[in-house]
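Colleague: Coordinates in protein-v5.cif, mmCIF, C-alpha atoms and all ligand atoms, are listed below.
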```cif
data_run
loop_
_atom_site.label_atom_id
_atom_site.label_comp_id
_atom_site.auth_asym_id
_atom_site.auth_seq_id
_atom_site.Cartn_x
_atom_site.Cartn_y
_atom_site.Cartn_z
CA MET A 1 -9.71 37.66 -27.52
CA THR A 2 -6.78 38.12 -29.90
CA ALA A 3 -4.31 35.49 -31.07
CA ARG A 4 -1.80 36.85 -28.59
CA ASP A 5 -3.94 36.53 -25.44
CA THR A 6 -2.38 34.36 -22.76
CA PHE A 7 -3.46 33.29 -19.30
CA ASP A 8 -1.59 33.67 -16.03
CA LEU A 9 -1.73 31.87 -12.73
CA THR A 10 -0.75 33.30 -9.35
CA ILE A 11 -0.42 31.26 -6.17
CA ALA A 12 0.83 32.35 -2.76
CA ARG A 13 1.77 30.40 0.36
CA THR A 14 3.24 31.40 3.67
CA ILE A 15 5.92 29.21 5.22
CA ARG A 16 7.31 29.54 8.72
CA ALA A 17 10.93 29.71 7.60
CA PRO A 18 13.47 32.35 6.54
CA ARG A 19 13.48 33.10 2.83
CA GLN A 20 17.05 31.87 2.37
CA LYS A 21 15.84 28.41 3.37
CA VAL A 22 12.98 28.61 0.88
CA PHE A 23 15.28 29.87 -1.86
CA ASP A 24 17.75 27.05 -1.21
CA ALA A 25 14.95 24.54 -1.67
CA PHE A 26 14.48 25.87 -5.23
CA ILE A 27 18.10 25.81 -6.31
CA LYS A 28 19.79 22.94 -4.44
CA PRO A 29 19.12 19.64 -6.21
CA GLU A 30 19.32 17.53 -3.03
CA LEU A 31 16.55 19.71 -1.53
CA LEU A 32 14.50 20.22 -4.68
CA ARG A 33 14.24 16.48 -5.28
CA GLN A 34 12.44 16.15 -1.95
CA TRP A 35 9.47 18.36 -2.86
CA PHE A 36 9.32 19.65 -6.46
CA ARG A 37 6.44 17.43 -7.61
CA PRO A 38 2.72 17.11 -6.90
CA ARG A 39 1.67 14.84 -4.05
CA GLY A 40 1.82 11.16 -4.91
CA PHE A 41 4.55 11.66 -7.55
CA THR A 42 8.22 10.84 -7.10
CA ILE A 43 11.18 12.53 -8.74
CA THR A 44 13.35 10.16 -10.68
CA GLU A 45 15.86 12.65 -12.16
CA VAL A 46 16.95 16.19 -11.34
CA SER A 47 19.56 18.38 -12.94
CA LEU A 48 19.90 22.06 -12.04
CA ASP A 49 22.39 24.66 -13.24
CA PRO A 50 21.12 27.69 -11.30
CA ARG A 51 22.78 30.62 -13.07
CA VAL A 52 21.30 32.97 -15.64
CA GLY A 53 21.24 31.06 -18.91
CA GLY A 54 21.74 27.73 -17.09
CA ARG A 55 19.18 24.96 -17.56
CA TYR A 56 17.18 22.68 -15.28
CA ARG A 57 15.31 19.46 -15.92
CA VAL A 58 13.11 17.41 -13.55
CA THR A 59 11.43 14.07 -14.24
CA MET A 60 8.33 13.22 -12.22
CA GLN A 61 6.87 9.75 -11.93
CA PRO A 62 3.17 9.39 -11.05
CA ARG A 63 2.00 6.36 -9.04
CA THR A 64 0.77 4.77 -12.24
CA GLY A 65 1.48 5.81 -15.80
CA THR A 66 4.48 7.21 -17.55
CA PRO A 67 6.93 9.79 -16.17
CA GLU A 68 6.75 13.43 -17.31
CA ALA A 69 9.83 15.63 -17.67
CA VAL A 70 9.82 19.40 -17.45
CA GLY A 71 12.70 21.75 -18.06
CA GLY A 72 13.75 25.24 -18.96
CA GLU A 73 16.26 28.02 -18.61
CA TYR A 74 16.97 30.33 -15.66
CA ARG A 75 16.28 33.93 -16.74
CA GLU A 76 16.80 35.80 -13.49
CA ILE A 77 18.30 34.83 -10.16
CA LYS A 78 18.30 37.25 -7.24
CA PRO A 79 19.36 35.15 -4.24
CA ALA A 80 16.69 34.66 -1.60
CA GLU A 81 14.37 37.13 -3.38
CA ARG A 82 13.44 36.26 -6.93
CA LEU A 83 13.83 33.45 -9.38
CA VAL A 84 12.59 33.47 -12.97
CA PHE A 85 12.74 30.44 -15.24
CA THR A 86 11.09 29.18 -18.39
CA TRP A 87 8.91 26.07 -18.21
CA LYS A 88 8.32 23.48 -20.93
CA TRP A 89 6.98 19.95 -20.69
CA GLU A 90 8.67 17.37 -22.88
CA GLY A 91 5.79 14.91 -23.28
CA LYS A 92 3.60 15.13 -26.40
CA GLN A 93 0.34 16.13 -24.73
CA MET A 94 1.73 18.57 -22.12
CA GLY A 95 4.33 19.74 -24.60
CA GLU A 96 1.57 21.28 -26.71
CA ILE A 97 1.20 23.99 -24.06
CA GLY A 98 4.52 25.35 -25.26
CA GLU A 99 7.01 27.42 -23.30
CA THR A 100 5.69 29.42 -20.33
CA LEU A 101 7.42 31.49 -17.66
CA VAL A 102 7.60 31.01 -13.88
CA THR A 103 8.45 33.89 -11.53
CA VAL A 104 8.97 33.09 -7.86
CA THR A 105 9.12 35.98 -5.39
CA LEU A 106 10.02 35.52 -1.73
CA ASP A 107 9.02 38.07 0.93
CA GLU A 108 10.28 37.61 4.45
CA ARG A 109 8.48 39.13 7.44
CA ARG A 110 8.09 38.62 11.15
CA GLY A 111 4.79 36.89 11.87
CA GLU A 112 3.03 35.84 15.03
CA HIS A 113 5.17 32.68 15.20
CA GLY A 114 8.52 34.18 14.19
CA VAL A 115 10.09 34.57 10.77
CA GLU A 116 7.95 33.59 7.83
CA THR A 117 8.23 33.81 4.08
CA GLU A 118 5.49 34.47 1.60
CA VAL A 119 6.15 32.54 -1.58
CA ARG A 120 4.42 34.07 -4.59
CA LEU A 121 4.47 32.13 -7.77
CA LEU A 122 3.38 33.66 -11.07
CA HIS A 123 3.14 31.20 -13.94
CA SER A 124 2.47 33.18 -17.09
CA GLY A 125 1.94 32.62 -20.76
CA PHE A 126 -0.56 29.74 -20.88
CA PRO A 127 -2.24 29.54 -24.28
CA ALA A 128 -5.61 28.49 -22.81
CA PRO A 129 -7.44 28.68 -19.46
CA GLU A 130 -7.61 24.85 -19.29
CA ALA A 131 -3.81 24.61 -19.27
CA ARG A 132 -3.62 27.31 -16.59
CA ASP A 133 -6.24 25.57 -14.42
CA GLY A 134 -4.49 22.21 -14.72
CA HIS A 135 -1.29 23.84 -13.46
CA ASN A 136 -3.17 25.53 -10.63
CA SER A 137 -3.97 22.17 -8.98
CA GLY A 138 -0.46 20.91 -9.72
CA TRP A 139 1.32 23.95 -8.26
CA ASN A 140 -0.90 23.93 -5.16
CA SER A 141 0.11 20.36 -4.56
CA VAL A 142 3.80 21.10 -5.25
CA LEU A 143 3.78 24.06 -2.86
CA SER A 144 2.12 21.88 -0.21
CA GLU A 145 5.08 19.53 -0.54
CA LEU A 146 7.44 22.50 -0.08
CA VAL A 147 5.61 23.64 3.04
CA ASP A 148 5.67 20.08 4.46
CA LEU A 149 9.43 19.94 3.94
CA ILE A 150 10.40 23.31 5.36
CA ASP A 151 7.74 24.45 7.80
CA PRO A 152 8.45 23.13 11.33
CA ARG A 153 4.84 21.92 11.53
CA GLY A 154 5.44 19.62 8.55
CA SER A 155 2.24 18.52 6.85
CA ALA A 156 0.21 19.93 9.77
CA ALA A 157 0.92 23.30 8.15
CA THR A 158 -1.01 22.29 5.03
CA ILE A 159 -3.51 19.61 6.03
CA THR A 160 -6.56 20.36 8.18
CA VAL A 161 -9.42 18.10 9.19
CA TYR A 162 -12.64 19.82 10.25
CA GLY A 163 -15.38 18.12 12.22
CA ASP A 164 -16.80 17.06 15.56
CA PRO A 165 -14.55 14.40 17.17
CA ARG A 166 -17.64 12.31 17.98
CA SER A 167 -18.46 11.84 14.30
CA SER A 168 -17.54 8.34 13.16
CA TYR A 169 -16.69 9.70 9.70
CA VAL A 170 -14.38 12.36 11.12
CA ARG A 171 -12.68 9.65 13.15
CA THR A 172 -12.22 7.55 10.01
CA VAL A 173 -10.30 10.35 8.30
CA ARG A 174 -8.21 11.07 11.38
CA MET A 175 -7.39 7.37 11.73
CA ALA A 176 -6.41 7.19 8.06
CA LEU A 177 -3.94 10.05 8.57
CA ALA A 178 -2.60 8.39 11.72
CA GLU A 179 -2.22 5.01 9.97
CA LYS A 180 -0.25 6.72 7.19
CA GLY A 181 1.84 8.67 9.73
CA VAL A 182 0.74 12.04 8.31
CA ALA A 183 0.73 15.05 10.64
CA TYR A 184 -2.35 17.29 10.35
CA ALA A 185 -4.11 20.17 12.05
CA TYR A 186 -7.47 19.42 13.56
CA GLU A 187 -10.38 21.81 14.03
CA PRO A 188 -13.15 20.13 16.06
CA VAL A 189 -15.93 22.26 14.58
CA PRO A 190 -19.57 21.11 14.38
CA PRO A 191 -21.46 20.21 11.19
CA HIS A 192 -22.90 23.22 9.36
CA SER A 193 -20.37 25.60 10.94
CA GLU A 194 -18.91 28.27 8.69
CA LYS A 195 -15.61 26.49 8.13
CA VAL A 196 -17.36 23.26 7.21
CA ARG A 197 -19.84 24.97 4.87
CA ALA A 198 -16.97 26.72 3.12
CA ILE A 199 -15.82 23.26 1.99
CA CYS A 200 -18.91 21.02 2.06
CA PRO A 201 -22.05 22.64 0.61
CA PHE A 202 -24.18 20.22 2.68
CA GLY A 203 -22.47 21.20 5.94
CA ARG A 204 -21.53 17.60 6.72
CA VAL A 205 -18.34 16.57 8.44
CA PRO A 206 -15.58 15.71 7.86
CA ALA A 207 -14.34 18.52 5.66
CA PHE A 208 -10.73 18.44 4.59
CA GLY A 209 -8.16 20.91 3.31
CA ASP A 210 -4.70 20.37 1.88
CA GLY A 211 -3.33 23.82 1.08
CA ASP A 212 -5.85 25.33 -1.30
CA PHE A 213 -7.29 21.94 -2.22
CA THR A 214 -10.45 21.02 -0.33
CA LEU A 215 -12.58 17.89 -0.22
CA TYR A 216 -15.63 16.45 1.47
CA GLU A 217 -17.02 12.86 1.61
CA THR A 218 -14.98 10.53 3.77
CA THR A 219 -14.26 7.89 1.14
CA ALA A 220 -12.88 10.48 -1.28
CA ILE A 221 -10.77 12.04 1.47
CA VAL A 222 -9.28 8.73 2.58
CA ARG A 223 -8.57 7.71 -1.02
CA TYR A 224 -6.77 11.03 -1.54
CA ILE A 225 -4.71 10.63 1.62
CA ASP A 226 -3.84 7.09 0.61
CA GLU A 227 -2.65 8.05 -2.87
CA CYS A 228 -0.77 11.16 -1.85
CA PHE A 229 1.28 9.91 1.07
CA ALA A 230 3.77 7.17 1.72
CA GLY A 231 3.04 4.67 4.47
CA PRO A 232 0.91 1.52 4.42
CA SER A 233 -1.68 1.31 1.67
CA LEU A 234 -5.24 1.70 2.94
CA VAL A 235 -6.64 -0.06 -0.10
CA ALA A 236 -6.40 -3.83 -0.54
CA THR A 237 -3.82 -4.70 -3.16
CA ASN A 238 -5.23 -7.63 -5.10
CA PRO A 239 -8.37 -7.26 -7.25
CA TRP A 240 -10.63 -9.63 -5.33
CA ALA A 241 -9.68 -8.21 -1.91
CA ARG A 242 -10.10 -4.68 -3.31
CA ALA A 243 -13.53 -5.54 -4.71
CA ARG A 244 -14.48 -7.05 -1.35
CA MET A 245 -13.27 -3.89 0.37
CA GLU A 246 -15.41 -1.75 -1.97
CA GLN A 247 -18.39 -3.98 -1.21
CA TYR A 248 -18.06 -3.27 2.52
CA VAL A 249 -17.35 0.43 2.00
CA SER A 250 -20.56 0.69 0.03
CA LEU A 251 -22.51 -1.38 2.56
CA ILE A 252 -21.28 0.77 5.46
CA ASN A 253 -21.93 4.09 3.68
CA CYS A 254 -25.34 3.14 2.31
CA HIS A 255 -26.82 1.00 5.09
CA ILE A 256 -24.76 0.34 8.22
CA TYR A 257 -24.11 3.99 9.13
CA ASP A 258 -27.75 4.79 8.53
CA ALA A 259 -29.09 2.01 10.81
CA MET A 260 -26.42 1.92 13.52
CA ILE A 261 -25.62 5.63 13.85
CA ARG A 262 -28.44 7.72 12.41
CA ARG A 263 -31.38 5.57 13.47
CA TYR A 264 -29.91 4.11 16.65
CA VAL A 265 -26.98 5.93 18.32
CA LEU A 266 -28.12 9.44 17.37
CA GLN A 267 -31.61 8.74 18.71
CA TYR A 268 -30.04 8.47 22.17
CA VAL A 269 -27.43 11.22 21.73
CA PHE A 270 -29.83 13.81 20.28
CA PRO A 271 -33.29 12.56 21.40
CA LYS A 272 -36.11 14.10 19.41
CA GLY A 273 -39.14 12.33 20.93
CA ALA A 274 -41.76 13.68 23.35
CA ASP A 275 -40.29 15.13 26.58
CA GLY A 276 -36.79 14.88 25.19
CA ALA A 277 -36.89 11.06 25.07
CA PRO A 278 -35.45 9.00 22.20
CA GLU A 279 -37.96 8.10 19.50
CA ARG A 280 -38.80 4.53 20.42
CA GLY A 281 -40.43 3.75 17.08
CA VAL A 282 -37.29 4.73 15.16
CA ILE A 283 -35.04 2.64 17.42
CA ASP A 284 -37.33 -0.39 17.35
CA LYS A 285 -37.34 -0.33 13.57
CA ALA A 286 -33.56 -0.02 13.39
CA LEU A 287 -32.76 -2.86 15.83
CA PRO A 288 -33.64 -5.84 13.59
CA GLU A 289 -31.73 -4.24 10.72
CA ILE A 290 -28.69 -3.78 12.92
CA ARG A 291 -28.98 -7.38 14.07
CA SER A 292 -29.00 -8.71 10.51
CA GLN A 293 -26.13 -6.40 9.50
CA LEU A 294 -24.08 -7.74 12.42
CA GLU A 295 -24.90 -11.31 11.38
CA VAL A 296 -23.58 -10.58 7.89
CA LEU A 297 -20.44 -8.97 9.28
CA ASP A 298 -19.94 -11.85 11.71
CA LEU A 299 -19.92 -14.33 8.84
CA ALA A 300 -17.66 -12.04 6.83
CA TYR A 301 -15.03 -11.92 9.55
CA GLY A 302 -15.12 -15.62 10.49
CA PRO A 303 -11.86 -16.13 12.39
CA ARG A 304 -10.25 -13.07 10.76
CA THR A 305 -9.88 -9.59 12.24
CA LEU A 306 -10.04 -7.50 9.04
CA LEU A 307 -12.86 -7.08 6.54
CA ALA A 308 -10.83 -7.50 3.34
CA GLY A 309 -7.32 -8.66 2.54
CA VAL A 310 -4.55 -8.92 5.11
CA THR A 311 -3.97 -5.28 6.03
CA VAL A 312 -6.14 -2.51 7.44
CA THR A 313 -8.24 -0.95 4.70
CA LEU A 314 -10.73 1.86 4.26
CA ALA A 315 -13.52 -0.62 5.09
CA ASP A 316 -12.06 -1.30 8.57
CA LEU A 317 -11.47 2.43 9.11
CA LEU A 318 -15.11 3.16 8.33
CA LEU A 319 -16.56 0.35 10.43
CA ALA A 320 -14.54 0.53 13.66
CA PRO A 321 -15.76 3.99 14.79
CA ILE A 322 -19.35 2.84 14.22
CA ILE A 323 -19.05 -0.44 16.13
CA PHE A 324 -17.34 1.53 18.94
CA TYR A 325 -20.69 3.17 19.77
CA LEU A 326 -22.92 0.09 19.88
CA PRO A 327 -22.13 -1.22 23.39
CA GLN A 328 -22.55 2.26 24.85
CA PHE A 329 -26.32 2.23 24.37
CA PRO A 330 -28.93 -0.01 26.01
CA GLU A 331 -29.53 -2.69 23.34
CA GLY A 332 -26.16 -2.43 21.65
CA LYS A 333 -24.17 -4.52 24.11
CA ALA A 334 -26.39 -7.57 23.58
CA LEU A 335 -26.43 -7.03 19.82
CA LEU A 336 -22.64 -7.01 19.70
CA ALA A 337 -22.37 -10.00 22.06
CA ALA A 338 -24.51 -11.95 19.57
CA ALA A 339 -21.87 -11.29 16.89
CA PRO A 340 -18.71 -12.65 18.57
CA ASN A 341 -16.50 -12.37 15.48
CA VAL A 342 -17.37 -8.71 15.08
CA ALA A 343 -16.73 -8.13 18.81
CA ARG A 344 -13.36 -9.91 18.60
CA ALA A 345 -12.29 -8.10 15.44
CA HIS A 346 -13.33 -4.79 16.97
CA ALA A 347 -11.42 -5.51 20.20
CA ALA A 348 -8.30 -6.19 18.10
CA PHE A 349 -8.80 -3.00 16.11
CA ALA A 350 -9.31 -0.99 19.29
CA GLU A 351 -5.70 -1.75 20.23
CA ARG A 352 -4.40 0.28 17.30
CA GLU A 353 -2.74 3.58 18.12
CA SER A 354 -4.80 5.33 15.43
CA PHE A 355 -7.98 4.24 17.17
CA LYS A 356 -6.83 5.13 20.68
CA ALA A 357 -5.50 8.53 19.63
CA THR A 358 -8.86 9.53 18.11
CA ALA A 359 -11.17 8.33 20.89
CA PRO A 360 -13.91 10.93 21.39
CA LYS A 361 -14.57 12.22 24.89
CA LEU A 362 -18.15 11.29 25.59
CA GLY A 363 -20.26 13.09 28.15
N1 LIG A 401 -21.38 10.76 3.18
C1 LIG A 401 -20.73 11.61 4.15
C2 LIG A 401 -21.48 11.50 5.46
C3 LIG A 401 -20.97 12.47 6.48
C4 LIG A 401 -21.96 12.61 7.62
O1 LIG A 401 -23.13 12.19 7.52
N2 LIG A 401 -21.48 13.21 8.70
C5 LIG A 401 -22.34 13.47 9.82
C6 LIG A 401 -21.56 13.32 11.12
S1 LIG A 401 -21.02 11.63 11.32
C7 LIG A 401 -22.87 14.87 9.72
O2 LIG A 401 -22.18 15.78 9.29
N3 LIG A 401 -24.13 15.06 10.09
C8 LIG A 401 -24.78 16.33 10.05
C9 LIG A 401 -25.88 16.37 9.01
O3 LIG A 401 -26.11 15.37 8.29
O4 LIG A 401 -26.50 17.40 8.88
C10 LIG A 401 -19.26 11.20 4.30
O5 LIG A 401 -18.93 10.06 3.91
O6 LIG A 401 -18.43 11.99 4.75
#
```
Mind turning this structure into structure tokens?
Modeller:
Amino acid sequence: MTARDTFDLTIARTIRAPRQKVFDAFIKPELLRQWFRPRGFTITEVSLDPRVGGRYRVTMQPRTGTPEAVGGEYREIKPAERLVFTWKWEGKQMGEIGETLVTVTLDERRGEHGVETEVRLLHSGFPAPEARDGHNSGWNSVLSELVDLIDPRGSAATITVYGDPRSSYVRTVRMALAEKGVAYAYEPVPPHSEKVRAICPFGRVPAFGDGDFTLYETTAIVRYIDECFAGPSLVATNPWARARMEQYVSLINCHIYDAMIRRYVLQYVFPKGADGAPERGVIDKALPEIRSQLEVLDLAYGPRTLLAGVTVTLADLLLAPIIFYLPQFPEGKALLAAAPNVARAHAAFAERESFKATAPKLG
């Protein structure tokens, strides 16, 4: 490596829109302010002077922390085809990267669904691979915002949930998106399928994609959705309610799912005993654990209908799809009847649109 080596980043996205519309989104301030920031950020100031030699400046505010401003000079403008501008962060830390260059190329073509534009973004001149990689995640997120704004499918063009609709964890993620009012594409593929394995090395569902960004583990996915999108918060707001929420999230992930779903419901759904019967020993061992878990939850609810705080949180989204299964199997109805607060809270939750819209079709 010589002192003059630099590192480049290339990202491409296809948007179902004519390239003029995409180009406008880059140069019209009223459009640019709607998307030109990573998910979860807001734009507080925009100034654009889109002519060669003109300058731009955009200030982005993260959810927490201080705003960051970026700016530069337009070097080349070929309407609806190519845009080249310099890029320099003003803040001390990001500013150390120095001035880099962004080249945006738009290619229009006729695709299966009509006119589409391939956006290719080359960000060149990074002094180190770390700076390039940091911008890779950022630009992916920014381009997802652009797709959401312009593509007729909205965020369903960028966000995909993968997983069997009967999985309680898949349902949790789908309910989280519904509660936030976020459109998404859904691929009801089984665990260990190719698409799932491409994201989750363990083959477990749900798997999640947002543009080029992928995630697995339900809690991480829901946290990401919550931070990145407007709509009601899925995390309790005050510290004690949030801590209580985390307590139940942990309890559900470490113990309740294991007893109620793996060692009870799945024994009936995918029986592995002799002659295709459920394994009685496994069920009989799980039942007292389920009973005591329901007792704990019953006390936790008392007269309330939510596990923590006063709004629906991740803890409720994890629990409801699990409780849903209990009364559908021989001992579960009586177990739930013995926990009237849980049954009442669940009945209230079952009225939510997010819950109804994600109901699995059971054979
Ligand atoms: N800790 C994971 C658990 C996911 C999970 O266990 N999913 C089940 C379906 S509900 C699955 O993929 N099972 C297949 C397997 O474990 O091989 C999460 O929170 O997403």
Colleague: Distance limit 9 Å, reference ligand LIG 401 (chain A), atoms considered: all atoms listed in the file. Which residues make the cut? Give them as a list in words.
Modeller: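 Here is the list of contacting residues: Gly163, Asp164, Arg166, Ser167, Ser168, Tyr169, Val170, Arg171, Pro190, Pro191, His192, Phe202, Gly203, Arg204, Val205, Pro206, Ala207, Tyr216, Glu217, Thr218, Thr219, Ala220, Ile221, Asn253, Cys254, Tyr257, Asp258, Ile261 and Arg262 of chain A.
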Colleague: What is the CA of Glu187 (chain A) to CA of Ser250 (chain A) distance in Å?
Modeller: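 Taking CA of Glu187 (chain A) as the start and CA of Ser250 (chain A) as the end point, the length is 27.3 Å.
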Colleague: So which one's closest to Ser354 (chain A), A:Ile290, A:Ala178, A:Ile283, A:Leu215? Using all atoms listed in the file, please.
Modeller: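 For Ser354 (chain A), the nearest of the given residues is A:Ala178.
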Colleague: Using only C-alpha atoms - which residues lie no farther than 8 Å from the point (7.2, 31.3, 4.3) in the file's frame? Write them as an MDAnalysis selection string.
Modeller: chainID A and resid 13:19 22 106:108 115:119 147 151
Colleague: Considering all atoms listed in the file, state which residue in the set A:Lys285, A:Ile322, A:Ala347, A:Lys180 is at the smallest distance from Leu306 (chain A).
Modeller: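 So, comparing all the options, the nearest one is A:Ala347.
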Colleague: Just to confirm, what's the straight-line distance from CA of Ile43 (chain A) to CA of Asp24 (chain A) in Å (one decimal)?
Modeller: 17.6 Å
Colleague: Near region 53-65 of chain A, within 10 Å and counting all atoms listed in the file, which residues show up once chain neighbours fewer than 3 positions away are dropped, as a count of residues only?
Modeller: 37
Colleague: Take CA of Leu314 (chain A) and CA of Glu351 (chain A) and report the distance between them in Å, one decimal.
Modeller: 17.1 Å
Colleague: Could you tell me which of A:Val249, A:Leu146, A:Ala286, A:Ala12 comes closest to Leu317 (chain A) if we count only C-alpha atoms?
Modeller: A:Val249
Colleague: With only C-alpha atoms as the counted atoms, please give the residues lying no more than 12 Å from region 92-96 of chain A, apart from itself and same-chain residues fewer than 6 positions off, as number ranges by chain.
Modeller: A: 66-71, 126-128, 130-132, 134-135
Colleague: Excluding Ala338 (chain A) and its own-chain neighbours fewer than 6 positions away, which residues fall within 12 Å of it when counting all atoms listed in the file? Please give them as a list in words.
Modeller: Ile290, Arg291, Ser292, Gln293, Leu294, Glu295, Val296, Leu297, Asp298, Leu299, Pro327, Glu331, Gly332 and Arg344 of chain A
Colleague: Just add N, CA and C atoms to region 274-297 of chain A and send it as a PDB file, keeping the file's coordinate frame.
Modeller:
```
ATOM      1  N   ALA A 274     -41.007  12.870  22.374  1.00  0.00           N
ATOM      2  CA  ALA A 274     -41.760  13.680  23.350  1.00  0.00           C
ATOM      3  C   ALA A 274     -40.970  13.751  24.659  1.00  0.00           C
ATOM      4  N   ASP A 275     -40.988  14.885  25.305  1.00  0.00           N
ATOM      5  CA  ASP A 275     -40.290  15.130  26.580  1.00  0.00           C
ATOM      6  C   ASP A 275     -38.780  14.866  26.494  1.00  0.00           C
ATOM      7  N   GLY A 276     -38.236  15.044  25.338  1.00  0.00           N
ATOM      8  CA  GLY A 276     -36.790  14.880  25.190  1.00  0.00           C
ATOM      9  C   GLY A 276     -36.337  13.427  25.236  1.00  0.00           C
ATOM     10  N   ALA A 277     -37.258  12.484  25.053  1.00  0.00           N
ATOM     11  CA  ALA A 277     -36.890  11.060  25.070  1.00  0.00           C
ATOM     12  C   ALA A 277     -36.535  10.615  23.651  1.00  0.00           C
ATOM     13  N   PRO A 278     -35.729   9.524  23.546  1.00  0.00           N
ATOM     14  CA  PRO A 278     -35.450   9.000  22.200  1.00  0.00           C
ATOM     15  C   PRO A 278     -36.730   8.520  21.535  1.00  0.00           C
ATOM     16  N   GLU A 279     -36.764   8.557  20.225  1.00  0.00           N
ATOM     17  CA  GLU A 279     -37.960   8.100  19.500  1.00  0.00           C
ATOM     18  C   GLU A 279     -37.955   6.581  19.441  1.00  0.00           C
ATOM     19  N   ARG A 280     -38.790   5.998  20.266  1.00  0.00           N
ATOM     20  CA  ARG A 280     -38.800   4.530  20.420  1.00  0.00           C
ATOM     21  C   ARG A 280     -39.092   3.824  19.087  1.00  0.00           C
ATOM     22  N   GLY A 281     -40.035   4.387  18.344  1.00  0.00           N
ATOM     23  CA  GLY A 281     -40.430   3.750  17.080  1.00  0.00           C
ATOM     24  C   GLY A 281     -39.253   3.660  16.112  1.00  0.00           C
ATOM     25  N   VAL A 282     -38.441   4.712  16.088  1.00  0.00           N
ATOM     26  CA  VAL A 282     -37.290   4.730  15.160  1.00  0.00           C
ATOM     27  C   VAL A 282     -36.279   3.662  15.598  1.00  0.00           C
ATOM     28  N   ILE A 283     -36.016   3.615  16.902  1.00  0.00           N
ATOM     29  CA  ILE A 283     -35.040   2.640  17.420  1.00  0.00           C
ATOM     30  C   ILE A 283     -35.534   1.217  17.178  1.00  0.00           C
ATOM     31  N   ASP A 284     -36.797   0.971  17.492  1.00  0.00           N
ATOM     32  CA  ASP A 284     -37.330  -0.390  17.350  1.00  0.00           C
ATOM     33  C   ASP A 284     -37.286  -0.873  15.907  1.00  0.00           C
ATOM     34  N   LYS A 285     -37.405   0.059  14.984  1.00  0.00           N
ATOM     35  CA  LYS A 285     -37.340  -0.330  13.570  1.00  0.00           C
ATOM     36  C   LYS A 285     -35.878  -0.594  13.159  1.00  0.00           C
ATOM     37  N   ALA A 286     -34.981   0.141  13.773  1.00  0.00           N
ATOM     38  CA  ALA A 286     -33.560  -0.020  13.390  1.00  0.00           C
ATOM     39  C   ALA A 286     -32.969  -1.316  13.950  1.00  0.00           C
ATOM     40  N   LEU A 287     -33.429  -1.738  15.154  1.00  0.00           N
ATOM     41  CA  LEU A 287     -32.760  -2.860  15.830  1.00  0.00           C
ATOM     42  C   LEU A 287     -32.667  -4.149  15.001  1.00  0.00           C
ATOM     43  N   PRO A 288     -33.790  -4.611  14.386  1.00  0.00           N
ATOM     44  CA  PRO A 288     -33.640  -5.840  13.590  1.00  0.00           C
ATOM     45  C   PRO A 288     -32.700  -5.678  12.403  1.00  0.00           C
ATOM     46  N   GLU A 289     -32.664  -4.472  11.846  1.00  0.00           N
ATOM     47  CA  GLU A 289     -31.730  -4.240  10.720  1.00  0.00           C
ATOM     48  C   GLU A 289     -30.284  -4.316  11.209  1.00  0.00           C
ATOM     49  N   ILE A 290     -30.054  -3.734  12.367  1.00  0.00           N
ATOM     50  CA  ILE A 290     -28.690  -3.780  12.920  1.00  0.00           C
ATOM     51  C   ILE A 290     -28.303  -5.233  13.209  1.00  0.00           C
ATOM     52  N   ARG A 291     -29.266  -5.973  13.758  1.00  0.00           N
ATOM     53  CA  ARG A 291     -28.980  -7.380  14.070  1.00  0.00           C
ATOM     54  C   ARG A 291     -28.577  -8.130  12.794  1.00  0.00           C
ATOM     55  N   SER A 292     -29.340  -7.940  11.729  1.00  0.00           N
ATOM     56  CA  SER A 292     -29.000  -8.710  10.510  1.00  0.00           C
ATOM     57  C   SER A 292     -27.701  -8.185   9.887  1.00  0.00           C
ATOM     58  N   GLN A 293     -27.418  -6.908  10.011  1.00  0.00           N
ATOM     59  CA  GLN A 293     -26.130  -6.400   9.500  1.00  0.00           C
ATOM     60  C   GLN A 293     -24.974  -7.023  10.285  1.00  0.00           C
ATOM     61  N   LEU A 294     -25.152  -7.139  11.604  1.00  0.00           N
ATOM     62  CA  LEU A 294     -24.080  -7.740  12.420  1.00  0.00           C
ATOM     63  C   LEU A 294     -23.896  -9.216  12.077  1.00  0.00           C
ATOM     64  N   GLU A 295     -25.002  -9.888  11.772  1.00  0.00           N
ATOM     65  CA  GLU A 295     -24.900 -11.310  11.380  1.00  0.00           C
ATOM     66  C   GLU A 295     -24.060 -11.441  10.106  1.00  0.00           C
ATOM     67  N   VAL A 296     -24.326 -10.552   9.154  1.00  0.00           N
ATOM     68  CA  VAL A 296     -23.580 -10.580   7.890  1.00  0.00           C
ATOM     69  C   VAL A 296     -22.090 -10.301   8.148  1.00  0.00           C
ATOM     70  N   LEU A 297     -21.832  -9.306   8.975  1.00  0.00           N
ATOM     71  CA  LEU A 297     -20.440  -8.970   9.280  1.00  0.00           C
ATOM     72  C   LEU A 297     -19.755 -10.105  10.037  1.00  0.00           C
TER      73      LEU A 297
END
```
